[in-house]
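As stored in coords39.cif (mmCIF, C-alpha atoms):
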```cif
data_work
#
loop_
_atom_site.label_atom_id
_atom_site.label_comp_id
_atom_site.auth_asym_id
_atom_site.auth_seq_id
_atom_site.Cartn_x
_atom_site.Cartn_y
_atom_site.Cartn_z
CA MET M 1 -94.74 20.39 32.85
CA LYS M 2 -93.57 21.77 29.57
CA HIS M 3 -91.46 24.24 31.48
CA VAL M 4 -89.79 21.50 33.49
CA LEU M 5 -89.10 19.51 30.37
CA ALA M 6 -87.60 22.51 28.64
CA ARG M 7 -85.33 23.05 31.61
CA ALA M 8 -84.34 19.42 31.63
CA VAL M 9 -83.41 19.61 27.96
CA LEU M 10 -81.47 22.80 28.57
CA CYS M 11 -79.66 21.22 31.48
CA ALA M 12 -78.80 18.20 29.39
CA ALA M 13 -77.57 20.44 26.59
CA LEU M 14 -75.36 22.35 28.97
CA VAL M 15 -74.11 19.41 30.97
CA LEU M 16 -73.47 16.89 28.23
CA PRO M 17 -70.61 18.57 26.40
CA VAL M 18 -68.88 19.33 29.71
CA ALA M 19 -69.38 15.78 30.92
CA ALA M 20 -68.03 14.45 27.65
CA GLN M 21 -64.83 16.41 28.26
CA ALA M 22 -64.38 15.58 31.91
CA HIS M 23 -64.87 11.87 31.57
CA LYS M 24 -62.30 9.91 29.70
CA MET M 25 -63.02 6.67 27.94
CA TRP M 26 -60.18 4.18 27.77
CA MET M 27 -59.02 0.64 27.41
CA VAL M 28 -55.97 -0.62 29.32
CA PRO M 29 -54.36 -3.95 28.46
CA SER M 30 -52.49 -5.94 31.10
CA ALA M 31 -49.44 -5.91 28.82
CA THR M 32 -48.60 -4.39 25.46
CA VAL M 33 -45.28 -6.06 24.65
CA ILE M 34 -45.68 -9.81 24.57
CA SER M 35 -43.32 -12.75 24.04
CA GLY M 36 -44.49 -16.30 23.47
CA ASP M 37 -47.29 -17.31 21.14
CA ASP M 38 -49.54 -18.82 23.82
CA ALA M 39 -49.77 -15.52 25.71
CA TRP M 40 -53.01 -13.71 26.52
CA VAL M 41 -53.76 -10.20 27.64
CA THR M 42 -56.66 -9.07 29.76
CA VAL M 43 -58.17 -5.65 29.17
CA ASP M 44 -60.16 -3.17 31.27
CA ALA M 45 -62.46 -0.69 29.54
CA ALA M 46 -64.15 2.18 31.34
CA VAL M 47 -65.21 5.80 31.38
CA SER M 48 -63.66 7.65 34.30
CA ASN M 49 -62.24 10.92 35.59
CA ASP M 50 -59.01 9.51 36.97
CA LEU M 51 -56.59 7.52 34.83
CA TYR M 52 -56.68 4.58 34.99
CA TYR M 53 -59.21 3.93 37.74
CA PRO M 54 -62.68 2.77 36.84
CA ASP M 55 -64.74 5.16 38.97
CA HIS M 56 -67.70 6.15 36.85
CA PHE M 57 -69.10 3.92 34.13
CA PRO M 58 -68.11 0.77 32.24
CA ALA M 59 -67.22 1.20 28.57
CA PRO M 60 -69.76 -0.58 26.36
CA LEU M 61 -68.20 -3.54 24.55
CA ASP M 62 -70.86 -3.83 21.82
CA ALA M 63 -68.75 -1.59 19.58
CA LEU M 64 -65.45 -3.41 20.28
CA VAL M 65 -63.51 -4.31 17.14
CA ILE M 66 -60.27 -6.26 17.53
CA THR M 67 -58.05 -6.56 14.46
CA ALA M 68 -55.31 -9.20 14.41
CA PRO M 69 -51.93 -8.68 12.68
CA ASP M 70 -53.19 -10.59 9.61
CA GLY M 71 -56.06 -8.11 9.27
CA SER M 72 -58.78 -10.52 10.43
CA ILE M 73 -61.35 -9.48 13.03
CA VAL M 74 -61.06 -11.58 16.18
CA LYS M 75 -63.47 -11.98 19.09
CA PRO M 76 -62.68 -11.23 22.72
CA GLU M 77 -62.95 -14.00 25.33
CA ASN M 78 -64.67 -13.78 28.72
CA ALA M 79 -66.21 -10.38 28.01
CA ALA M 80 -68.13 -8.97 30.96
CA THR M 81 -69.51 -5.61 31.99
CA GLY M 82 -69.58 -4.70 35.65
CA LYS M 83 -70.60 -1.67 37.64
CA TYR M 84 -67.56 0.46 36.84
CA ARG M 85 -65.69 -1.35 34.13
CA SER M 86 -65.92 -3.85 31.32
CA THR M 87 -63.28 -6.53 30.95
CA PHE M 88 -62.30 -9.02 28.30
CA ASP M 89 -59.45 -11.38 27.53
CA LEU M 90 -57.58 -11.71 24.28
CA PRO M 91 -55.27 -14.53 23.21
CA VAL M 92 -52.48 -13.15 20.98
CA PRO M 93 -51.16 -16.12 18.98
CA GLN M 94 -50.11 -14.10 15.92
CA LYS M 95 -46.80 -12.27 15.67
CA GLY M 96 -47.31 -8.56 15.09
CA THR M 97 -49.55 -5.77 16.33
CA TYR M 98 -53.19 -6.16 17.38
CA ARG M 99 -55.51 -3.16 17.30
CA LEU M 100 -58.22 -3.04 19.97
CA ALA M 101 -60.83 -0.39 19.18
CA ILE M 102 -64.18 0.74 20.53
CA VAL M 103 -65.71 2.45 17.53
CA ASN M 104 -68.81 4.56 18.00
CA GLN M 105 -69.80 5.91 14.63
CA GLY M 106 -73.25 7.00 13.67
CA LEU M 107 -76.14 9.30 14.27
CA PHE M 108 -77.64 10.45 17.54
CA ALA M 109 -81.14 11.88 17.50
CA ASN M 110 -83.34 13.51 20.14
CA TYR M 111 -87.02 13.99 19.39
CA GLU M 112 -90.44 14.29 20.97
CA ILE M 113 -93.51 12.25 20.16
CA ASP M 114 -96.86 12.54 21.97
CA GLY M 115 -95.14 14.76 24.53
CA GLN M 116 -92.54 12.04 25.27
CA LYS M 117 -88.83 12.67 24.91
CA LYS M 118 -87.07 9.99 22.91
CA ARG M 119 -83.53 9.22 21.88
CA TRP M 120 -82.23 7.17 19.03
CA ARG M 121 -78.79 6.06 17.97
CA GLY M 122 -77.98 4.22 14.77
CA LYS M 123 -76.78 4.15 11.22
CA PRO M 124 -77.68 6.84 8.67
CA GLU M 125 -79.63 4.40 6.48
CA ASP M 126 -81.86 3.41 9.41
CA MET M 127 -82.75 6.92 10.51
CA LYS M 128 -85.80 7.44 8.27
CA SER M 129 -87.53 4.31 9.52
CA ALA M 130 -86.45 4.72 13.14
CA ILE M 131 -87.85 8.18 13.79
CA PRO M 132 -91.67 8.26 13.56
CA ALA M 133 -93.28 10.60 11.03
CA GLY M 134 -95.02 12.70 13.73
CA ALA M 135 -91.81 13.36 15.71
CA LYS M 136 -91.21 16.94 16.76
CA GLN M 137 -88.10 18.86 17.77
CA VAL M 138 -85.90 16.39 15.93
CA GLN M 139 -82.25 17.10 16.61
CA VAL M 140 -79.68 14.95 14.88
CA SER M 141 -75.96 14.93 15.39
CA GLU M 142 -73.29 12.69 14.00
CA MET M 143 -70.40 11.18 15.89
CA ALA M 144 -67.22 9.35 14.96
CA ASN M 145 -65.49 8.30 18.13
CA ARG M 146 -62.64 5.82 18.34
CA VAL M 147 -60.99 4.55 21.53
CA GLU M 148 -58.00 2.31 20.97
CA THR M 149 -55.09 0.47 22.44
CA PHE M 150 -52.44 -1.81 20.95
CA VAL M 151 -50.77 -5.10 21.83
CA THR M 152 -47.79 -6.62 20.04
CA GLN M 153 -46.52 -10.17 20.20
CA GLY M 154 -42.98 -10.43 18.82
CA SER M 155 -42.02 -7.65 16.42
CA PRO M 156 -44.42 -4.78 15.69
CA GLY M 157 -46.03 -5.14 12.27
CA GLY M 158 -48.89 -6.58 10.25
CA SER M 159 -51.91 -4.94 8.69
CA ALA M 160 -54.15 -4.27 11.72
CA LEU M 161 -53.20 -0.59 11.81
CA LYS M 162 -54.28 0.17 8.28
CA PRO M 163 -56.69 3.11 8.50
CA THR M 164 -60.36 2.50 7.72
CA ASN M 165 -60.53 6.05 6.30
CA LYS M 166 -63.62 6.80 8.37
CA GLY M 167 -63.56 9.40 11.13
CA LEU M 168 -60.50 10.44 13.13
CA GLU M 169 -57.76 7.80 13.15
CA LEU M 170 -54.16 7.34 14.21
CA VAL M 171 -51.51 6.00 11.87
CA PRO M 172 -48.19 5.02 13.41
CA VAL M 173 -44.89 6.49 12.28
CA THR M 174 -43.37 5.06 15.47
CA SER M 175 -44.94 1.72 16.38
CA PRO M 176 -47.40 2.24 19.28
CA ASN M 177 -45.78 -0.73 21.02
CA ASP M 178 -42.18 0.44 20.67
CA LEU M 179 -42.28 3.40 23.03
CA VAL M 180 -39.51 4.09 25.53
CA ALA M 181 -39.12 6.82 28.16
CA GLY M 182 -36.94 9.69 26.94
CA GLU M 183 -37.47 8.83 23.27
CA LYS M 184 -39.55 10.77 20.78
CA ALA M 185 -42.52 9.04 19.18
CA THR M 186 -44.34 10.31 16.09
CA PHE M 187 -47.84 9.51 14.84
CA GLN M 188 -50.18 10.83 12.19
CA LEU M 189 -53.85 11.70 12.55
CA LEU M 190 -56.23 11.29 9.64
CA ILE M 191 -59.78 12.47 9.12
CA ASP M 192 -61.56 10.23 6.60
CA GLY M 193 -58.15 9.13 5.40
CA LYS M 194 -56.74 12.64 4.87
CA PRO M 195 -54.13 14.33 7.11
CA ALA M 196 -55.74 16.14 10.05
CA ALA M 197 -53.70 19.36 10.18
CA ASN M 198 -53.49 21.82 13.10
CA LEU M 199 -55.31 19.59 15.54
CA LYS M 200 -54.59 19.85 19.28
CA VAL M 201 -53.41 16.58 20.81
CA VAL M 202 -53.08 15.96 24.54
CA ALA M 203 -51.29 13.23 26.45
CA ILE M 204 -51.85 12.48 30.13
CA GLU M 205 -49.81 9.96 32.05
CA GLY M 206 -51.78 7.45 34.13
CA ALA M 207 -51.78 7.13 37.91
CA THR M 208 -53.36 10.59 38.19
CA ARG M 209 -54.64 9.68 41.67
CA TYR M 210 -51.13 9.91 43.07
CA ARG M 211 -50.34 13.45 42.02
CA ASN M 212 -51.95 16.86 42.32
CA ALA M 213 -51.83 18.06 38.72
CA GLN M 214 -53.19 16.41 35.59
CA GLY M 215 -49.75 16.88 34.03
CA GLU M 216 -51.25 17.28 30.58
CA MET M 217 -48.81 17.50 27.66
CA ASP M 218 -50.08 19.43 24.62
CA THR M 219 -49.00 19.51 21.04
CA SER M 220 -50.54 20.11 17.61
CA THR M 221 -50.47 18.21 14.38
CA ASP M 222 -48.49 19.74 11.51
CA LYS M 223 -49.73 20.18 7.94
CA ASP M 224 -49.30 16.44 7.34
CA GLY M 225 -51.32 15.58 10.43
CA LYS M 226 -48.19 14.46 12.26
CA PHE M 227 -47.45 15.02 15.94
CA SER M 228 -44.76 13.87 18.37
CA PHE M 229 -44.35 13.37 22.08
CA THR M 230 -41.15 12.71 24.01
CA TRP M 231 -42.27 10.59 26.93
CA PRO M 232 -40.87 11.90 30.22
CA ASN M 233 -41.53 8.68 32.16
CA ALA M 234 -42.44 5.07 31.68
CA GLY M 235 -46.14 4.38 32.14
CA MET M 236 -49.51 4.27 30.46
CA TYR M 237 -50.45 7.45 28.55
CA TRP M 238 -53.91 8.59 27.52
CA VAL M 239 -53.59 10.36 24.16
CA ASN M 240 -56.59 12.25 22.85
CA ALA M 241 -57.64 14.58 20.03
CA SER M 242 -61.05 15.83 19.04
CA THR M 243 -62.58 18.15 16.51
CA GLU M 244 -65.80 18.75 14.63
CA ASP M 245 -66.77 19.40 11.05
CA THR M 246 -69.82 19.59 8.84
CA LYS M 247 -69.14 16.47 6.77
CA THR M 248 -72.29 14.71 7.88
CA SER M 249 -73.87 11.75 6.15
CA VAL M 250 -77.46 13.07 6.40
CA LYS M 251 -78.69 16.61 5.86
CA GLU M 252 -80.60 16.56 9.19
CA ALA M 253 -77.29 16.45 11.04
CA LYS M 254 -75.58 19.83 10.97
CA GLN M 255 -72.41 18.76 12.74
CA ARG M 256 -70.12 15.80 13.05
CA ARG M 257 -68.09 15.38 16.24
CA LEU M 258 -64.86 13.42 15.86
CA ALA M 259 -62.70 12.06 18.63
CA TYR M 260 -59.72 9.75 18.89
CA THR M 261 -58.26 8.28 22.07
CA ALA M 262 -55.44 5.81 22.55
CA THR M 263 -53.84 4.25 25.59
CA LEU M 264 -50.13 3.87 24.88
CA GLU M 265 -47.64 2.10 27.09
CA VAL M 266 -44.17 3.60 27.47
CA LEU M 267 -41.52 1.25 28.87
CA PRO M 268 -38.38 2.18 30.84
CA GLN M 269 -35.03 2.43 29.03
CA MET R 1 9.55 -33.35 3.95
CA ARG R 2 11.02 -33.93 7.35
CA ARG R 3 12.65 -30.53 7.14
CA ASN R 4 9.31 -28.89 6.86
CA LEU R 5 7.90 -30.47 9.97
CA PRO R 6 9.09 -27.85 12.51
CA PHE R 7 7.59 -25.18 10.29
CA VAL R 8 4.23 -26.96 10.23
CA LEU R 9 4.33 -27.39 14.02
CA CYS R 10 4.94 -23.67 14.36
CA LEU R 11 1.95 -22.93 12.18
CA VAL R 12 -0.54 -25.03 14.15
CA PRO R 13 -0.46 -22.95 17.35
CA ALA R 14 -0.66 -19.81 15.25
CA LEU R 15 -3.85 -21.05 13.57
CA ALA R 16 -5.39 -22.10 16.85
CA ARG R 17 -4.88 -18.59 18.17
CA ALA R 18 -7.40 -16.86 15.97
CA ALA R 19 -8.93 -13.76 17.51
CA ASP R 20 -11.37 -14.58 20.27
CA MET R 21 -13.21 -13.16 23.24
CA ASN R 22 -13.40 -14.78 26.63
CA LEU R 23 -16.29 -13.64 28.74
CA SER R 24 -16.98 -14.28 32.37
CA VAL R 25 -20.45 -13.44 33.68
CA GLU R 26 -21.22 -13.61 37.37
CA ILE R 27 -24.75 -14.31 38.52
CA PRO R 28 -24.78 -13.12 42.13
CA ALA R 29 -26.09 -15.34 44.92
CA LEU R 30 -29.09 -13.53 46.42
CA LYS R 31 -30.68 -14.12 49.79
CA VAL R 32 -34.31 -13.72 48.90
CA ALA R 33 -37.40 -15.63 50.00
CA GLU R 34 -38.34 -16.67 46.47
CA TYR R 35 -35.42 -17.17 44.13
CA HIS R 36 -35.66 -18.00 40.46
CA ARG R 37 -32.62 -18.17 38.23
CA PRO R 38 -32.43 -15.05 36.06
CA TYR R 39 -32.96 -14.93 32.35
CA VAL R 40 -29.72 -13.64 30.83
CA ALA R 41 -28.93 -12.36 27.33
CA VAL R 42 -25.50 -11.50 25.93
CA TRP R 43 -25.10 -9.70 22.64
CA VAL R 44 -22.86 -7.36 20.63
CA GLU R 45 -24.16 -3.99 19.44
CA ARG R 46 -22.83 -1.76 16.72
CA GLU R 47 -22.47 1.97 17.33
CA ASP R 48 -26.00 2.56 16.01
CA HIS R 49 -27.32 0.01 18.57
CA SER R 50 -28.16 -2.52 15.87
CA VAL R 51 -27.21 -6.05 16.88
CA ALA R 52 -24.07 -7.52 15.34
CA ALA R 53 -24.26 -10.87 17.16
CA ASN R 54 -26.47 -12.70 19.62
CA LEU R 55 -24.04 -14.58 21.85
CA ALA R 56 -26.15 -16.20 24.57
CA VAL R 57 -29.73 -16.36 25.84
CA TRP R 58 -30.41 -18.31 29.02
CA TYR R 59 -34.09 -18.89 29.71
CA ASP R 60 -36.47 -21.48 31.07
CA THR R 61 -36.41 -24.09 28.33
CA LYS R 62 -38.03 -26.83 30.40
CA LYS R 63 -41.53 -25.49 30.89
CA ALA R 64 -44.24 -27.25 28.88
CA ASP R 65 -45.47 -25.70 25.61
CA GLY R 66 -42.60 -23.24 25.49
CA GLU R 67 -44.14 -21.26 28.34
CA GLY R 68 -40.66 -20.10 29.32
CA THR R 69 -40.69 -17.79 26.30
CA LYS R 70 -43.43 -15.73 27.99
CA TRP R 71 -40.87 -13.88 30.11
CA LEU R 72 -38.23 -13.23 27.43
CA LYS R 73 -39.66 -9.73 26.99
CA ASP R 74 -38.54 -8.90 30.53
CA MET R 75 -35.03 -8.58 29.14
CA ARG R 76 -36.35 -5.31 27.77
CA GLN R 77 -33.35 -4.08 25.81
CA TRP R 78 -32.51 -7.45 24.32
CA TRP R 79 -36.16 -7.96 23.43
CA ARG R 80 -36.38 -4.62 21.65
CA ARG R 81 -33.03 -4.82 19.87
CA THR R 82 -33.19 -8.41 18.67
CA GLY R 83 -35.22 -10.82 20.82
CA ARG R 84 -38.57 -10.00 19.31
CA ASP R 85 -37.25 -10.88 15.86
CA GLN R 86 -35.99 -14.31 16.94
CA ASN R 87 -37.62 -17.70 16.86
CA MET R 88 -36.74 -19.53 20.05
CA PRO R 89 -34.72 -21.61 20.63
CA ILE R 90 -31.76 -20.06 18.76
CA ASP R 91 -29.37 -22.78 17.63
CA GLY R 92 -25.97 -22.49 19.32
CA VAL R 93 -27.05 -19.41 21.29
CA SER R 94 -29.91 -20.17 23.65
CA GLY R 95 -29.88 -22.57 26.54
CA ALA R 96 -31.19 -23.23 30.02
CA THR R 97 -30.92 -20.76 32.90
CA ARG R 98 -27.81 -21.06 35.04
CA PRO R 99 -27.25 -20.99 38.79
CA ALA R 100 -25.46 -18.30 40.78
CA GLY R 101 -21.71 -18.25 40.15
CA GLN R 102 -19.15 -17.38 37.47
CA HIS R 103 -19.92 -18.56 33.96
CA GLN R 104 -17.17 -18.72 31.36
CA LEU R 105 -17.99 -18.23 27.69
CA ARG R 106 -15.60 -18.24 24.75
CA PHE R 107 -16.39 -16.88 21.32
CA ALA R 108 -14.05 -17.27 18.38
CA ASP R 109 -13.71 -14.95 15.41
CA GLY R 110 -15.23 -16.40 12.26
CA LYS R 111 -17.31 -18.99 14.11
CA PRO R 112 -20.94 -18.81 15.14
CA PRO R 113 -22.40 -17.24 17.13
CA LEU R 114 -19.82 -14.41 16.96
CA GLY R 115 -19.14 -14.74 13.25
CA THR R 116 -16.87 -12.25 11.55
CA LEU R 117 -17.23 -8.73 12.89
CA PRO R 118 -15.93 -6.01 10.58
CA PRO R 119 -13.27 -3.90 12.34
CA GLY R 120 -14.94 -1.22 14.41
CA HIS R 121 -16.27 -0.01 17.73
CA TYR R 122 -18.80 -2.23 19.50
CA GLU R 123 -20.51 -2.74 22.84
CA LEU R 124 -20.94 -6.05 24.59
CA VAL R 125 -24.24 -6.03 26.47
CA VAL R 126 -25.22 -8.40 29.27
CA GLU R 127 -28.81 -8.14 30.50
CA ALA R 128 -30.44 -10.12 33.30
CA ALA R 129 -34.08 -10.25 34.38
CA ARG R 130 -35.32 -12.36 37.26
CA GLU R 131 -38.86 -13.53 38.03
CA VAL R 132 -40.16 -11.62 41.10
CA GLY R 133 -36.79 -9.88 41.07
CA GLY R 134 -35.14 -7.05 39.20
CA ARG R 135 -33.59 -6.33 35.86
CA GLU R 136 -30.15 -4.99 35.01
CA ALA R 137 -28.06 -4.41 31.90
CA GLN R 138 -24.30 -3.78 31.77
CA ARG R 139 -22.35 -2.57 28.76
CA ILE R 140 -18.69 -2.96 27.89
CA PRO R 141 -17.46 -0.90 24.91
CA PHE R 142 -14.63 -2.48 22.90
CA ASP R 143 -12.73 -2.17 19.62
CA TRP R 144 -12.57 -5.19 17.34
CA PRO R 145 -10.28 -6.80 16.47
CA ALA R 146 -7.91 -6.31 19.38
CA THR R 147 -4.32 -5.59 18.31
CA ARG R 148 -2.98 -6.92 21.62
CA PRO R 149 -4.62 -8.77 24.53
CA VAL R 150 -7.14 -6.47 26.19
CA HIS R 151 -8.88 -6.89 29.52
CA LEU R 152 -12.15 -5.07 30.07
CA SER R 153 -14.72 -5.34 32.81
CA ALA R 154 -17.96 -4.08 34.29
CA LYS R 155 -19.62 -4.66 37.60
CA GLY R 156 -23.33 -5.08 38.10
CA SER R 157 -25.04 -3.93 41.25
CA GLU R 158 -28.23 -5.98 41.52
CA GLU R 159 -28.87 -8.83 39.15
CA LEU R 160 -25.35 -9.09 37.72
CA GLY R 161 -21.98 -9.39 39.44
CA GLN R 162 -18.49 -9.11 37.96
CA ILE R 163 -18.28 -9.20 34.16
CA ASP R 164 -14.86 -9.71 32.57
CA LEU R 165 -14.17 -9.51 28.87
CA ASP R 166 -10.77 -10.59 27.54
CA LEU R 167 -10.05 -9.94 23.89
CA ASN R 168 -7.21 -11.72 22.11
CA PRO R 169 -5.84 -10.72 18.73
#
```
Encoding of this model in structure tokens:
Amino acid sequence: MKHVLARAVLCAALVLPVAAQAHKMWMVPSATVISGDDAWVTVDAAVSNDLYYPDHFPAPLDALVITAPDGSIVKPENAATGKYRSTFDLPVPQKGTYRLAIVNQGLFANYEIDGQKKRWRGKPEDMKSAIPAGAKQVQVSEMANRVETFVTQGSPGGSALKPTNKGLELVPVTSPNDLVAGEKATFQLLIDGKPAANLKVVAIEGATRYRNAQGEMDTSTDKDGKFSFTWPNAGMYWVNASTEDTKTSVKEAKQRRLAYTATLEVLPQ
Amino acid sequence: MRRNLPFVLCLVPALARAADMNLSVEIPALKVAEYHRPYVAVWVEREDHSVAANLAVWYDTKKADGEGTKWLKDMRQWWRRTGRDQNMPIDGVSGATRPAGQHQLRFADGKPPLGTLPPGHYELVVEAAREVGGREAQRIPFDWPATRPVHLSAKGSEELGQIDLDLNP
């Protein structure tokens, strides 16, 4: 029994990082450039292999944070989670840019108690009380994962894109809703509010089902954390960067994994 | 006093002939199952693509609660260059959509919406976007002010027909 369990743990340890890479989490809004102040957008959120087809798992909406152009936090409407995707609607009455983010930040622990394997996920301050005193094989890791997309009514602007200075974040140099095929767009990545230098960034155009190759574009951030892409085509692009460091909030966690993902829409000329 | 009268009469036509531009925009008649009149925007761009003047915006002004503004973004270039910064309706610029046919517009130097353009090189842009249809933009480069009457034109292929621009000094 112990043997089987050990193998299961090993399998999980081997499979999980690979699975985390293969599956992409994303949000896709029905439109990113909006005119008219009574407009709404509807958004799909999922974890999938193909972009942007929900074929694996719905994205959890419990960590959804929507920031309006005036900086206030607004609630989604008609949120629902189905077999393969979550959906929600968002009215966009304010002029400026809305930030839609699924923010998973916190600790993940695996432990055993009375021969039972347990998992826990939560905030650093809750860890002590959440994990029983007799727990064995306690393994704690920290994660700061942010999946975003952007919607602008009228002109891009407002304070929704101000960084929170926690985890890996994107700061626009080019507005994320002012992207046009053939033009260069520049953004900055921050880790805890400081430039994330020399970080690999990938961009994959959507509609992967209709071509043979992933068509991944790679670049790296410079010393100021800045990177640029020149979009070859109009479409939705999945932009992703990830890294890890040892800046954990509890000593039990040896590593912090950071990831940032954005869905960006590029319009035709 | 009476002696001066012929002189004054001479002056009046001269004043009336301030520099102007006469524009003719053709909206083509299309044989399609579902036809909606296109949204059309006409504007003047400087060499750096910034907008020197918004000349016309034709959109659905009749829908309740300003719902016609929802599709303004479909005139992609106009929306990006200037539309997204506007509050609709724009006085003296925007109006209802127009049917297929030739539409004559006249803009006079020094008067809104053209205003006074500093001498230089510009582009007149006409963009059309049609519900359940296509989108097209045509550009006509010109120098302002014209030193003699100038005739310029462009021809659309899908959503726009013949566009004629006549500049008078």
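Residues of chain R having any atom within 8 Å of chain M, counting all atoms listed in the file, are Gly66, Glu67, Gly68, Thr69, Lys70, Trp71, Leu72, Lys73, Arg76, Gln77, Arg80, Arg84 and Asp85 of chain R.
The residue that comes closest to M:Pro172, out of M:Val138, M:Ile113, M:Met143, M:Leu264 and on the basis of all atoms listed in the file, is M:Leu264.
The residues caught by the PyMOL selection byres ((chain R and resi 105-119) around 6) in this file are R:Ala19, R:Asp20, R:Met21, R:Asn22, R:Leu23, R:Ala53, R:Leu55, R:Gln104, R:Gly120, R:Trp144, R:Pro145.
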I'd like the neighbourhood of stretch 126-129 of chain M as a ChimeraX atom specification, where a residue qualifies if any of its atoms comes within 12 Å (using all atoms listed in the file), though same-chain residues fewer than 6 positions away should be ignored.
/M:106-110,119-120,135,138-142,249-253
Please expand the PyMOL selection byres ((chain R and resi 126) around 7) into the concrete residues it hits in this file, giving the result as a list in words.
Ala41, Val42, Trp43, Leu124, Val125, Glu127, Ala128, Ala137, Gln138 and Arg139 of chain R
Expansion of the PyMOL selection byres ((chain R and resi 28-35) around 10) into residues, as a PyMOL selection string:
chain R and resi 25-27+36-38+99-102+130-133+156-162
Atom CA of R:Ser24 sits from atom CA of R:Asn168 at a separation of 14.4 Å
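Put simply, atom CA of R:Ile163 is 22.5 Å away from atom CA of R:Ala18.
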Between R:His121, R:Gly83, R:Leu167, R:Gly95, which residue has the minimum interatomic distance to R:Trp58, considering only C-alpha atoms?
R:Gly95
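What separates atom CA of M:Val47 from atom CA of M:Val147 is a distance of 10.8 Å.
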Near stretch 215-226 of chain M, within 6 Å and counting all atoms listed in the file, which residues show up once chain neighbours fewer than 5 positions away are dropped, as an MDAnalysis selection string?
chainID M and resid 187:189 195:204
Spatial sel., origin (-34.1, -19.6, 30.4), limit 6 Å, all atoms listed in the file, listed as a PyMOL selection string:
chain R and resi 39+58-61+96-97
If we count all atoms listed in the file, what is near M:Tyr260 at a cut-off of 7 Å, once residues fewer than 5 positions away on the same chain are taken out, given as number ranges by chain?
M: 145-147, 168-169, 240-242
Find the residues around M:Lys162 up to 10 Å (all atoms listed in the file counted), leave out those fewer than 2 positions away in its own chain, and share them as a list of chain:residue names.
M:Thr67, M:Gly71, M:Arg99, M:Gly158, M:Ser159, M:Ala160, M:Thr164, M:Asn165, M:Glu169, M:Leu170, M:Val171, M:Pro172
Of M:Ala31, M:Ile191, M:Ala45, M:Leu90, the one sitting nearest M:Ala68 when using only C-alpha atoms is M:Leu90
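Counting all atoms listed in the file, the residue from R:Glu136, R:Asp91, R:Asp166, R:Asp74 that sits nearest to R:Arg148 is R:Asp166.
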Residue among M:Ala80, M:Val180, M:Leu64, M:Val74 lying closest to M:Asn233, counting only C-alpha atoms
M:Val180
